[in-house]
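Contents: one structure, followed by commentary.
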Amino acid sequence: MNLILIGMPGSGKSTVGNVLAKLIGYRFLDTDLIIQNMEGKVLQDIIDEDGLSDFMTAEEKALCATYCEDTVIATGGSAIYSKRGMNHLKKMGKVVYLRIGVSELEKRLFNLASRGVAGAKDKTLAQLFEERRPLYEEYADYIIDCDGGEITENALKIVDIAKTDIISSRS
């Protein structure tokens, strides 16, 4: 069983995911890095040079090419736009939405337009958040509130809420 982390850019998917993997003895995988390796470019260059549509296609391809066990998977913030990709991931584990408010996101994200965030050039952070929030909630098996929480504290919240699934997957 895998734990798949979803949420807005800056919610802590990669940092919390790394700590979480160490806490429960899982591997860690970041799908943004898979996209970059597949395309040979950083995320922002894919968006700028190839366009948003090509980026979304690359992201879906990366999500659907992911096959692993006992892994914490950090997805890109836009992974939820790919129904096919998210359904593939949900078959492999439990999806955890790292929920964070817009005001906290604004403190953490100073480089939204250059960070490789899908749709960031056309929308404000608040608009992007409101557009994505229902999709994050739709795919989530668990929701963890991460406003103001430290990295290890948020990882421990996930361990606490998913411990039954983690334990049963080891039997």
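Letters A, B, ... go to the chains of the structure tokens in the order shown; residues in each chain start at 1; ligands are counted from 1 in the same order.
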
field: All residues 12 Å or closer to A:Ser53, only C-alpha atoms, same chain fewer than 5 positions away omitted, as an MDAnalysis selection string
entry: chainID A and resid 46:48 58:60 78 81:82 118:119

Using only C-alpha atoms, what does the table of stretch 6-48 of chain A residues within 9 Å of stretch 84-99 of chain A look like, with each row giving the shortest atom pair and its distance in Å to one decimal, sorted by chain and ascending number, as CSV?
```
residue,atom,partner,partner_atom,distance
A:Ile6,CA,A:Tyr97,CA,4.8
A:Gly7,CA,A:Leu98,CA,5.2
A:Met8,CA,A:Arg99,CA,7.7
A:Ser11,CA,A:Leu98,CA,6.1
A:Gly12,CA,A:Leu98,CA,7.4
A:Lys13,CA,A:Leu98,CA,7.1
```

With 12 Å as the cut-off and only C-alpha atoms counted, what is the closest atom pair between each nearby residue of stretch 51-135 of chain A and stretch 33-37 of chain A? Distances in Å to one decimal, ordered by chain and number, as JSON lines.
```
{"residue": "A:Asp54", "atom": "CA", "partner": "A:Ile35", "partner_atom": "CA", "distance": 11.2}
{"residue": "A:Phe55", "atom": "CA", "partner": "A:Ile35", "partner_atom": "CA", "distance": 8.6}
{"residue": "A:Met56", "atom": "CA", "partner": "A:Ile35", "partner_atom": "CA", "distance": 10.0}
{"residue": "A:Thr57", "atom": "CA", "partner": "A:Ile35", "partner_atom": "CA", "distance": 10.0}
{"residue": "A:Ala58", "atom": "CA", "partner": "A:Ile35", "partner_atom": "CA", "distance": 6.3}
{"residue": "A:Glu59", "atom": "CA", "partner": "A:Ile35", "partner_atom": "CA", "distance": 6.1}
{"residue": "A:Glu60", "atom": "CA", "partner": "A:Ile35", "partner_atom": "CA", "distance": 9.2}
{"residue": "A:Lys61", "atom": "CA", "partner": "A:Ile35", "partner_atom": "CA", "distance": 8.3}
{"residue": "A:Ala62", "atom": "CA", "partner": "A:Ile35", "partner_atom": "CA", "distance": 5.9}
{"residue": "A:Leu63", "atom": "CA", "partner": "A:Ile34", "partner_atom": "CA", "distance": 8.7}
{"residue": "A:Cys64", "atom": "CA", "partner": "A:Ile34", "partner_atom": "CA", "distance": 11.2}
{"residue": "A:Ala65", "atom": "CA", "partner": "A:Ile34", "partner_atom": "CA", "distance": 9.4}
{"residue": "A:Thr66", "atom": "CA", "partner": "A:Ile34", "partner_atom": "CA", "distance": 9.0}
{"residue": "A:Ile73", "atom": "CA", "partner": "A:Ile34", "partner_atom": "CA", "distance": 11.1}
{"residue": "A:Ala74", "atom": "CA", "partner": "A:Leu33", "partner_atom": "CA", "distance": 9.8}
{"residue": "A:Thr75", "atom": "CA", "partner": "A:Leu33", "partner_atom": "CA", "distance": 9.5}
{"residue": "A:Gly76", "atom": "CA", "partner": "A:Leu33", "partner_atom": "CA", "distance": 9.4}
{"residue": "A:Ala79", "atom": "CA", "partner": "A:Ile35", "partner_atom": "CA", "distance": 11.4}
{"residue": "A:Gly116", "atom": "CA", "partner": "A:Gln36", "partner_atom": "CA", "distance": 10.6}
```

DSSP strand (DSSP E) selection over stretch 7-91 of chain A, as a list of chain:residue names: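 For stretch 7-91 of chain A, the strand (DSSP E) set is A:Arg27, A:Phe28, A:Leu29, A:Asp30, A:Thr71, A:Val72, A:Ile73, A:Ala74.
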
Surrounding residues of stretch 156-161 of chain A excluding itself and chain neighbours under 4 positions, 8 Å, only C-alpha atoms, as a ChimeraX atom specification: /A:20,24,96,142,144,152

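Nearest to A:Asp165 of all the residues A:Asp141, A:Asp30, A:Asp50, A:Glu130 is A:Asp141, based on only C-alpha atoms.
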
query: Which residues come within 9 Å of A:Ala155, counting only C-alpha atoms, excluding same-chain residues fewer than 6 positions away, as an MDAnalysis selection string?
result: chainID A and resid 16:21 23
